[in-house]
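Source file: protein_13.cif. Holds: mmCIF, C-alpha atoms.
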```
data_work
loop_
_atom_site.label_atom_id
_atom_site.label_comp_id
_atom_site.auth_asym_id
_atom_site.auth_seq_id
_atom_site.Cartn_x
_atom_site.Cartn_y
_atom_site.Cartn_z
CA MET B 1 236.05 -6.89 -41.99
CA PRO B 2 236.55 -3.14 -42.17
CA VAL B 3 233.37 -1.11 -42.15
CA THR B 4 233.13 1.38 -44.99
CA SER B 5 230.72 4.29 -44.91
CA SER B 6 228.32 4.88 -47.77
CA PRO B 7 228.79 7.86 -50.09
CA ALA B 8 225.62 9.44 -48.69
CA ARG B 9 226.96 9.15 -45.15
CA ARG B 10 230.32 10.65 -46.12
CA THR B 11 228.54 13.50 -47.91
CA GLY B 12 226.45 14.12 -44.80
CA ILE B 13 229.53 14.26 -42.61
CA TRP B 14 231.28 16.73 -44.92
CA LEU B 15 228.17 18.91 -45.07
CA ALA B 16 227.89 18.89 -41.28
CA LEU B 17 231.55 19.89 -40.95
CA ALA B 18 231.12 22.62 -43.56
CA LEU B 19 228.02 23.98 -41.81
CA THR B 20 229.91 24.00 -38.51
CA VAL B 21 232.68 26.04 -40.12
CA VAL B 22 230.16 28.42 -41.69
CA PHE B 23 228.43 28.89 -38.34
CA GLY B 24 231.75 29.47 -36.57
CA VAL B 25 232.85 32.08 -39.11
CA GLY B 26 229.49 33.81 -38.93
CA LEU B 27 229.57 33.88 -35.13
CA ALA B 28 233.14 35.23 -35.09
CA LEU B 29 232.24 38.03 -37.50
CA ARG B 30 229.26 38.98 -35.37
CA LEU B 31 231.27 39.04 -32.15
CA ALA B 32 234.22 40.97 -33.61
CA GLN B 33 234.32 44.55 -32.23
CA LEU B 34 230.77 44.05 -31.02
CA GLY B 35 231.00 46.68 -28.29
CA THR B 36 232.66 49.33 -30.43
CA LEU B 37 231.07 49.11 -33.90
CA PRO B 38 228.91 50.96 -34.58
CA LEU B 39 230.29 53.70 -32.35
CA GLY B 40 228.11 54.58 -29.38
CA LEU B 41 224.67 53.31 -28.48
CA HIS B 42 221.65 54.15 -30.58
CA HIS B 43 218.89 55.75 -28.51
CA ASP B 44 216.69 52.68 -29.13
CA GLU B 45 219.45 50.50 -27.66
CA GLY B 46 219.44 52.80 -24.65
CA TYR B 47 215.69 52.42 -24.22
CA ASN B 48 216.09 48.64 -24.40
CA ALA B 49 218.82 48.72 -21.75
CA LEU B 50 216.66 50.75 -19.36
CA ASP B 51 213.80 48.27 -19.77
CA ALA B 52 216.22 45.38 -19.30
CA LEU B 53 217.33 46.91 -16.01
CA ASP B 54 213.69 47.13 -14.92
CA MET B 55 213.32 43.44 -15.72
CA LEU B 56 216.33 42.67 -13.56
CA ARG B 57 214.61 44.56 -10.74
CA GLY B 58 211.59 42.29 -11.04
CA ALA B 59 209.40 43.72 -13.81
CA ARG B 60 207.79 41.09 -16.08
CA PRO B 61 206.06 43.03 -18.88
CA VAL B 62 204.33 41.37 -21.82
CA PHE B 63 204.62 44.67 -23.72
CA LEU B 64 206.82 47.72 -23.23
CA PRO B 65 204.86 51.00 -23.59
CA GLY B 66 207.93 53.26 -23.64
CA ASN B 67 209.50 54.56 -26.85
CA PHE B 68 206.13 54.25 -28.68
CA GLY B 69 205.66 50.62 -27.69
CA ARG B 70 207.86 47.56 -28.16
CA GLU B 71 207.57 43.81 -27.88
CA PRO B 72 209.61 42.37 -24.99
CA LEU B 73 211.17 39.02 -25.98
CA PHE B 74 214.47 40.39 -27.28
CA ILE B 75 214.78 42.78 -24.32
CA TYR B 76 214.41 39.83 -21.93
CA LEU B 77 217.46 38.32 -23.61
CA GLN B 78 219.29 41.61 -23.15
CA ALA B 79 218.39 41.52 -19.46
CA LEU B 80 219.98 38.08 -19.15
CA SER B 81 223.08 39.31 -20.96
CA ILE B 82 223.39 42.38 -18.71
CA ALA B 83 222.93 40.20 -15.65
CA ALA B 84 225.76 37.95 -16.81
CA PHE B 85 228.24 40.49 -18.19
CA GLY B 86 227.31 43.87 -16.79
CA LEU B 87 225.82 47.01 -18.25
CA THR B 88 228.11 47.53 -21.26
CA PRO B 89 227.51 48.06 -24.99
CA TRP B 90 228.96 44.60 -25.57
CA ALA B 91 226.40 42.96 -23.28
CA ILE B 92 223.54 44.98 -24.74
CA ARG B 93 224.45 43.79 -28.25
CA LEU B 94 225.45 40.23 -27.43
CA PRO B 95 221.92 38.77 -27.90
CA ALA B 96 221.77 40.31 -31.38
CA ALA B 97 225.08 38.69 -32.31
CA LEU B 98 224.02 35.27 -31.02
CA VAL B 99 220.60 35.50 -32.64
CA GLY B 100 222.26 36.54 -35.91
CA ALA B 101 224.47 33.46 -35.77
CA LEU B 102 221.51 31.18 -35.04
CA THR B 103 219.73 32.66 -38.06
CA ILE B 104 222.47 31.10 -40.22
CA LEU B 105 221.36 27.66 -39.04
CA ALA B 106 217.69 28.56 -39.47
CA GLN B 107 218.42 29.64 -43.02
CA TYR B 108 220.02 26.27 -43.69
CA LEU B 109 217.00 24.40 -42.29
CA LEU B 110 214.57 26.40 -44.39
CA VAL B 111 216.43 26.11 -47.68
CA GLN B 112 217.28 22.40 -47.40
CA SER B 113 213.60 21.62 -46.74
CA LEU B 114 212.50 23.16 -50.06
CA PRO B 115 212.14 21.08 -53.26
CA LEU B 116 215.34 22.34 -54.89
CA PRO B 117 218.03 20.56 -56.91
CA ARG B 118 220.78 19.53 -54.47
CA PRO B 119 218.94 21.14 -51.54
CA ARG B 120 221.64 20.56 -48.90
CA LEU B 121 224.39 22.09 -51.03
CA THR B 122 222.14 25.01 -51.94
CA ALA B 123 221.25 25.47 -48.28
CA LEU B 124 224.92 25.43 -47.30
CA LEU B 125 225.76 28.11 -49.86
CA SER B 126 222.79 30.17 -48.71
CA ALA B 127 223.87 29.90 -45.08
CA ALA B 128 227.45 30.81 -46.02
CA LEU B 129 226.31 33.98 -47.79
CA LEU B 130 224.24 34.95 -44.77
CA ALA B 131 227.26 34.32 -42.54
CA VAL B 132 229.69 36.63 -44.33
CA THR B 133 227.74 39.36 -46.15
CA PHE B 134 227.66 42.88 -44.79
CA TRP B 135 224.03 43.63 -44.02
CA PRO B 136 223.30 40.62 -41.74
CA ILE B 137 226.56 41.25 -39.87
CA ALA B 138 225.77 44.95 -39.47
CA LYS B 139 222.30 44.14 -38.10
CA ALA B 140 223.83 41.66 -35.65
CA HIS B 141 225.93 44.53 -34.24
CA GLN B 142 222.81 46.45 -33.21
CA GLY B 143 221.07 45.67 -29.95
CA LEU B 144 217.63 46.03 -31.52
CA ARG B 145 214.72 43.60 -31.64
CA ALA B 146 214.33 43.81 -35.46
CA GLY B 147 217.48 41.71 -35.83
CA MET B 148 215.72 38.78 -34.15
CA LEU B 149 212.76 38.72 -36.53
CA PRO B 150 214.53 36.91 -39.43
CA LEU B 151 215.26 33.99 -37.10
CA TRP B 152 211.58 33.41 -36.36
CA VAL B 153 210.52 34.03 -39.96
CA ALA B 154 212.95 31.41 -41.25
CA LEU B 155 211.96 28.87 -38.58
CA ALA B 156 208.23 29.48 -39.04
CA LEU B 157 208.50 29.01 -42.81
CA TRP B 158 210.66 25.91 -42.34
CA ALA B 159 208.16 24.25 -39.99
CA TRP B 160 205.22 25.35 -42.14
CA TRP B 161 206.71 23.86 -45.29
CA ARG B 162 207.45 20.65 -43.41
CA ALA B 163 203.73 20.60 -42.59
CA LEU B 164 202.65 21.20 -46.19
CA GLY B 165 205.39 19.70 -48.35
CA ASP B 166 204.46 16.02 -47.97
CA GLU B 167 200.81 15.29 -48.72
CA GLN B 168 201.41 11.62 -47.88
CA ALA B 169 202.50 12.42 -44.31
CA PRO B 170 200.20 11.20 -41.52
CA SER B 171 197.87 13.83 -40.09
CA TRP B 172 199.56 13.81 -36.69
CA GLN B 173 202.89 14.70 -38.32
CA THR B 174 201.34 17.53 -40.33
CA GLY B 175 199.67 18.82 -37.18
CA ALA B 176 202.88 18.67 -35.18
CA TRP B 177 204.82 20.69 -37.76
CA ALA B 178 201.95 23.18 -38.05
CA ALA B 179 201.89 23.57 -34.27
CA LEU B 180 205.63 24.21 -34.25
CA SER B 181 205.17 26.84 -36.94
CA GLY B 182 202.50 28.47 -34.78
CA ALA B 183 204.94 28.59 -31.86
CA PHE B 184 207.49 30.39 -34.02
CA VAL B 185 204.77 32.81 -35.17
CA ALA B 186 204.03 33.62 -31.53
CA ALA B 187 207.74 34.19 -30.87
CA SER B 188 207.88 36.58 -33.82
CA VAL B 189 204.91 38.57 -32.51
CA TYR B 190 206.56 38.80 -29.08
CA THR B 191 209.70 40.08 -30.86
CA HIS B 192 208.68 42.78 -33.33
CA THR B 193 205.57 44.51 -34.69
CA ASN B 194 206.21 43.13 -38.18
CA GLY B 195 205.89 39.63 -36.75
CA ARG B 196 202.13 40.15 -36.86
CA LEU B 197 202.33 39.63 -40.62
CA LEU B 198 203.51 36.03 -40.41
CA PRO B 199 199.98 34.57 -40.08
CA VAL B 200 199.13 36.29 -43.38
CA ILE B 201 201.95 34.37 -45.07
CA LEU B 202 200.77 31.04 -43.66
CA ALA B 203 197.15 31.78 -44.59
CA LEU B 204 197.94 32.67 -48.20
CA SER B 205 200.16 29.59 -48.55
CA ALA B 206 197.46 27.33 -47.09
CA LEU B 207 194.79 28.79 -49.39
CA TRP B 208 197.01 28.27 -52.43
CA VAL B 209 197.77 24.64 -51.63
CA SER B 210 194.13 23.90 -50.78
CA LEU B 211 192.85 25.40 -54.04
CA VAL B 212 195.52 24.04 -56.37
CA TRP B 213 195.92 20.62 -54.78
CA ARG B 214 192.19 20.36 -53.98
CA ARG B 215 192.96 19.21 -50.44
CA TRP B 216 191.43 20.40 -47.17
CA TRP B 217 194.24 19.46 -44.81
CA PRO B 218 196.35 22.63 -45.38
CA LEU B 219 193.46 24.63 -43.90
CA GLY B 220 193.43 22.24 -40.97
CA GLY B 221 197.16 22.82 -40.51
CA LEU B 222 196.57 26.57 -40.64
CA ALA B 223 193.92 26.24 -37.93
CA VAL B 224 196.36 24.30 -35.75
CA ALA B 225 199.10 26.90 -36.25
CA LEU B 226 196.77 29.80 -35.46
CA VAL B 227 195.34 28.10 -32.37
CA VAL B 228 198.81 27.38 -30.98
CA ALA B 229 199.97 30.92 -31.74
CA SER B 230 196.84 32.40 -30.13
CA MET B 231 197.26 30.32 -26.98
CA LEU B 232 200.88 31.41 -26.59
CA LEU B 233 199.97 35.03 -27.36
CA LEU B 234 197.08 35.14 -24.88
CA PRO B 235 198.93 37.36 -22.35
CA LEU B 236 199.76 39.88 -25.08
CA LEU B 237 196.22 39.75 -26.49
CA LEU B 238 194.80 40.45 -23.04
CA TYR B 239 197.21 43.36 -22.65
CA PHE B 240 196.00 44.88 -25.93
CA ARG B 241 192.39 44.31 -24.87
CA ASP B 242 193.04 46.39 -21.77
CA ASN B 243 195.32 48.89 -23.57
CA PRO B 244 193.93 49.19 -27.12
CA ASP B 245 195.77 52.45 -27.74
CA MET B 246 199.08 50.54 -27.62
CA LEU B 247 198.12 48.07 -30.35
CA GLY B 248 198.86 50.38 -33.26
CA LEU B 249 200.92 53.09 -31.60
CA ARG B 250 204.29 52.09 -33.02
CA ALA B 251 202.92 51.33 -36.46
CA GLY B 252 201.01 54.60 -36.51
CA GLN B 253 204.14 56.53 -35.61
CA VAL B 254 206.13 55.28 -38.62
CA SER B 255 203.29 54.51 -41.04
CA ILE B 256 203.43 56.12 -44.45
CA LEU B 257 199.75 56.95 -43.90
CA ASN B 258 200.90 59.36 -41.18
CA PRO B 259 201.06 62.92 -42.63
CA ASP B 260 204.16 63.57 -40.55
CA VAL B 261 205.83 60.74 -42.47
CA ASN B 262 204.49 61.28 -45.97
CA GLY B 263 204.73 65.09 -45.80
CA GLY B 264 201.15 65.44 -46.98
CA ASN B 265 201.88 63.60 -50.24
CA LEU B 266 200.91 59.96 -49.77
CA VAL B 267 201.15 58.96 -53.44
CA GLY B 268 204.54 60.61 -53.84
CA ALA B 269 205.85 59.00 -50.64
CA LEU B 270 204.66 55.56 -51.77
CA ALA B 271 206.33 56.01 -55.15
CA THR B 272 209.57 57.19 -53.54
CA ASN B 273 209.66 54.23 -51.17
CA ALA B 274 208.89 51.80 -53.98
CA VAL B 275 211.82 53.13 -56.00
CA LYS B 276 214.12 52.92 -52.97
CA LEU B 277 213.08 49.31 -52.30
CA ALA B 278 213.63 48.37 -55.93
CA ARG B 279 217.11 49.91 -55.87
CA MET B 280 218.10 48.51 -52.47
CA PRO B 281 219.29 45.00 -53.49
CA ILE B 282 221.88 45.95 -56.13
CA VAL B 283 221.89 49.72 -56.76
CA ARG B 284 221.78 51.79 -53.57
CA GLY B 285 220.85 51.09 -49.98
CA THR B 286 220.01 53.31 -47.04
CA ASP B 287 221.98 56.49 -46.39
CA SER B 288 221.70 56.02 -42.62
CA GLY B 289 225.29 56.09 -41.41
CA TRP B 290 224.44 54.21 -38.24
CA GLU B 291 222.89 51.28 -40.11
CA ASN B 292 224.94 51.12 -43.30
CA LEU B 293 228.00 52.19 -45.19
CA LEU B 294 226.44 55.19 -46.92
CA GLY B 295 224.35 54.02 -49.85
CA ARG B 296 225.76 50.46 -49.91
CA PRO B 297 223.28 48.06 -51.57
CA VAL B 298 222.43 44.71 -50.01
CA PHE B 299 224.50 42.76 -52.58
CA ASP B 300 227.78 43.59 -54.24
CA PRO B 301 227.78 43.42 -58.09
CA LEU B 302 228.61 39.71 -58.37
CA LEU B 303 226.05 38.63 -55.78
CA GLY B 304 223.61 41.04 -57.39
CA VAL B 305 223.81 39.04 -60.59
CA PHE B 306 223.01 35.84 -58.71
CA PHE B 307 220.17 37.62 -56.91
CA LEU B 308 218.60 38.48 -60.27
CA VAL B 309 219.14 34.93 -61.51
CA GLY B 310 217.45 33.68 -58.35
CA LEU B 311 214.45 35.93 -58.97
CA GLY B 312 214.24 34.50 -62.48
CA LEU B 313 214.29 30.93 -61.15
CA LEU B 314 211.62 31.85 -58.61
CA VAL B 315 209.38 33.16 -61.40
CA TRP B 316 210.07 29.95 -63.36
CA ASP B 317 208.83 27.87 -60.43
CA LEU B 318 205.84 30.16 -59.89
CA MET B 319 204.83 29.35 -63.48
CA GLY B 320 204.76 25.66 -62.52
CA ARG B 321 207.62 24.63 -64.77
CA ARG B 322 208.98 22.15 -62.22
CA GLY B 323 205.67 20.77 -61.04
CA ARG B 324 203.05 21.43 -58.38
CA LEU B 325 205.27 20.89 -55.35
CA ALA B 326 207.98 23.30 -56.48
CA GLN B 327 205.32 25.81 -57.48
CA SER B 328 203.73 25.73 -54.02
CA ALA B 329 207.12 26.20 -52.36
CA ALA B 330 207.81 29.13 -54.68
CA VAL B 331 204.46 30.66 -53.73
CA LEU B 332 205.41 30.43 -50.06
CA VAL B 333 208.79 32.10 -50.69
CA ALA B 334 207.32 34.80 -52.93
CA VAL B 335 204.49 35.59 -50.53
CA ALA B 336 206.93 35.84 -47.63
CA PHE B 337 209.19 38.11 -49.70
CA VAL B 338 206.36 40.48 -50.65
CA VAL B 339 204.50 40.50 -47.33
CA MET B 340 207.62 41.22 -45.28
CA LEU B 341 208.47 44.08 -47.64
CA VAL B 342 205.08 45.73 -47.13
CA PRO B 343 206.01 47.53 -43.87
CA SER B 344 208.85 49.29 -45.72
#
```

Could you quickly redo this structure as structure tokens?
Amino acid sequence: MPVTSSPARRTGIWLALALTVVFGVGLALRLAQLGTLPLGLHHDEGYNALDALDMLRGARPVFLPGNFGREPLFIYLQALSIAAFGLTPWAIRLPAALVGALTILAQYLLVQSLPLPRPRLTALLSAALLAVTFWPIAKAHQGLRAGMLPLWVALALWAWWRALGDEQAPSWQTGAWAALSGAFVAASVYTHTNGRLLPVILALSALWVSLVWRRWWPLGGLAVALVVASMLLLPLLLYFRDNPDMLGLRAGQVSILNPDVNGGNLVGALATNAVKLARMPIVRGTDSGWENLLGRPVFDPLLGVFFLVGLGLLVWDLMGRRGRLAQSAAVLVAVAFVVMLVPS
């Protein structure tokens, strides 16, 4: 007798094929003219390349003190790329392009794990938008460590929600997902200064679920995640113990609390930045010609409409209109959105 596949199996196959196409298109866009656009190397890319060369000569830093201090994980990838393909702009930027493509898959994992209507289709559309829209592609053409942070954020939130989203799961499964989330947190801290904010997101999410669901196990999962992250971060923590001046050097340089940044008007600078952040999604983005087409917002007008609709649906879930599980997932997304905006 002929074997016929079930509708669910056929749907899964088509989704897998579609995701493969989305990933391939996203990778191609990130590799296109990688060595020539943007024109010339940014001075931060040059600093990274010099440190990568030191790594190829035998250096194994857990933190890079040059250029006001930088985390090393992304630069280690640049060292591997330079070793394989030579010291060229293309090789310096290749890790950013590959990481940007992997972020498409991480985005899919995160979204399909959330309690959404048709989660796999929604996740596919989300991944497709990430694959082809301007800002993620532009960031993937810059050999800078900030472009790697979204990968770890998406993976950490995915693993964390897998730990929290099923209160019937056995404790060992919750602990395993929490431990994986902690590993991604550690990777984010080794990648970029803003990665230090990820534990705040997990902590606020765990507190919410514990209070609303009246369960203790989210706090246990948080403890597991933090212990795993701390163990993996021990070399960096020891470095900061011995070099405390490096802990906040980069943040202090660009902080709005720095008079050189706020021009002696902290309140005015905060208000100006808040307005710029509010305008960024659909009105006007950065005027930095190296990072953006001058003033281009994150979303074009049509996508901007869907962005606003999405914010409305997020607020709807935050109000608990679709139940406790969807509300807790919305809290996680909203907290991540706000906390990761704070450094701006």

Exercise for the section: Would you write out, as number ranges by chain, every residue that the PyMOL selection byres ((chain B and resi 333) around 12) captures in this file? Expected result: B: 110-111, 114-115, 153-154, 156-158, 160-161, 201-202, 204-205, 310-311, 313-315, 317-318, 326-332, 334-340

Could you please take those selected residues and save C-alpha atoms as a CSV table (one decimal), in the frame of the given file?
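Written file, part-v9.csv:
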```
chain,number,residue,atom,x,y,z
B,110,LEU,CA,214.6,26.4,-44.4
B,111,VAL,CA,216.4,26.1,-47.7
B,114,LEU,CA,212.5,23.2,-50.1
B,115,PRO,CA,212.1,21.1,-53.3
B,153,VAL,CA,210.5,34.0,-40.0
B,154,ALA,CA,213.0,31.4,-41.2
B,156,ALA,CA,208.2,29.5,-39.0
B,157,LEU,CA,208.5,29.0,-42.8
B,158,TRP,CA,210.7,25.9,-42.3
B,160,TRP,CA,205.2,25.4,-42.1
B,161,TRP,CA,206.7,23.9,-45.3
B,201,ILE,CA,202.0,34.4,-45.1
B,202,LEU,CA,200.8,31.0,-43.7
B,204,LEU,CA,197.9,32.7,-48.2
B,205,SER,CA,200.2,29.6,-48.6
B,310,GLY,CA,217.4,33.7,-58.4
B,311,LEU,CA,214.4,35.9,-59.0
B,313,LEU,CA,214.3,30.9,-61.2
B,314,LEU,CA,211.6,31.8,-58.6
B,315,VAL,CA,209.4,33.2,-61.4
B,317,ASP,CA,208.8,27.9,-60.4
B,318,LEU,CA,205.8,30.2,-59.9
B,326,ALA,CA,208.0,23.3,-56.5
B,327,GLN,CA,205.3,25.8,-57.5
B,328,SER,CA,203.7,25.7,-54.0
B,329,ALA,CA,207.1,26.2,-52.4
B,330,ALA,CA,207.8,29.1,-54.7
B,331,VAL,CA,204.5,30.7,-53.7
B,332,LEU,CA,205.4,30.4,-50.1
B,334,ALA,CA,207.3,34.8,-52.9
B,335,VAL,CA,204.5,35.6,-50.5
B,336,ALA,CA,206.9,35.8,-47.6
B,337,PHE,CA,209.2,38.1,-49.7
B,338,VAL,CA,206.4,40.5,-50.6
B,339,VAL,CA,204.5,40.5,-47.3
B,340,MET,CA,207.6,41.2,-45.3
```

Problem - Within 10 Å of Leu64 of chain B using all atoms listed in the file, minus same-chain residues under 5 positions, as a PyMOL selection string - result: chain B and resi 48+51+69-72+75+246

Handout entry: Distance criterion (all atoms listed in the file): nearest to Leu130 of chain B out of B:Ala83, B:Leu29, B:Ala146, B:Ala52
Key =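 Answer, going by the shortest atom-to-atom distance: B:Leu29.
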
Exercise for the section: Run the PyMOL selection byres ((chain B and resi 233-242) around 9) against the file shown and list the residues it catches, as a ChimeraX atom specification. Expected result: /B:62-63,186-187,189-190,228-232,243-247

Handout entry: Counting all atoms listed in the file, the residue of B:Leu73, B:Gly252, B:Arg324, B:Gly175 that sits nearest Ser210 of chain B
Key =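 Distance minimum relative to Ser210 of chain B lands on B:Arg324.
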
Handout entry: Explicit residue set for the PyMOL selection byres ((chain B and resi 221) around 12), as a PyMOL selection string
Key = chain B and resi 159-165+167+171-182+202-203+205-207+209-210+215-220+222-228

As a compact mmCIF listing (two decimals), keeping the file's coordinate frame, please: segment 77-94 of chain B completed to N, CA and C atoms.
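Below is the file part-v8.txt, written as the result:
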```
# COMPACT_ATOMS: atom_id res chain seq x y z
N LEU B 77 216.14 38.88 -23.35
CA LEU B 77 217.46 38.32 -23.61
C LEU B 77 218.56 39.32 -23.25
N GLN B 78 218.32 40.59 -23.53
CA GLN B 78 219.29 41.61 -23.15
C GLN B 78 219.43 41.70 -21.64
N ALA B 79 218.33 41.51 -20.92
CA ALA B 79 218.39 41.52 -19.46
C ALA B 79 219.27 40.38 -18.95
N LEU B 80 219.14 39.20 -19.54
CA LEU B 80 219.98 38.08 -19.15
C LEU B 80 221.45 38.37 -19.44
N SER B 81 221.70 38.99 -20.60
CA SER B 81 223.08 39.31 -20.96
C SER B 81 223.68 40.33 -20.00
N ILE B 82 222.91 41.35 -19.65
CA ILE B 82 223.39 42.38 -18.71
C ILE B 82 223.63 41.76 -17.35
N ALA B 83 222.74 40.86 -16.94
CA ALA B 83 222.93 40.20 -15.65
C ALA B 83 224.22 39.39 -15.63
N ALA B 84 224.57 38.80 -16.75
CA ALA B 84 225.76 37.95 -16.81
C ALA B 84 227.05 38.74 -17.00
N PHE B 85 227.00 39.82 -17.78
CA PHE B 85 228.24 40.49 -18.19
C PHE B 85 228.31 41.96 -17.83
N GLY B 86 227.27 42.48 -17.19
CA GLY B 86 227.31 43.87 -16.79
C GLY B 86 226.69 44.80 -17.82
N LEU B 87 226.47 46.03 -17.40
CA LEU B 87 225.82 47.01 -18.25
C LEU B 87 226.86 47.66 -19.16
N THR B 88 227.13 47.03 -20.28
CA THR B 88 228.11 47.53 -21.26
C THR B 88 227.50 47.44 -22.65
N PRO B 89 227.99 48.21 -23.62
CA PRO B 89 227.51 48.06 -24.99
C PRO B 89 227.65 46.64 -25.51
N TRP B 90 228.75 45.98 -25.13
CA TRP B 90 228.96 44.60 -25.57
C TRP B 90 227.83 43.68 -25.09
N ALA B 91 227.46 43.80 -23.83
CA ALA B 91 226.40 42.96 -23.28
C ALA B 91 225.05 43.30 -23.89
N ILE B 92 224.82 44.58 -24.15
CA ILE B 92 223.54 44.98 -24.74
C ILE B 92 223.39 44.41 -26.15
N ARG B 93 224.48 44.27 -26.87
CA ARG B 93 224.45 43.79 -28.25
C ARG B 93 224.68 42.29 -28.39
N LEU B 94 225.13 41.65 -27.34
CA LEU B 94 225.45 40.23 -27.43
C LEU B 94 224.26 39.38 -27.91
```
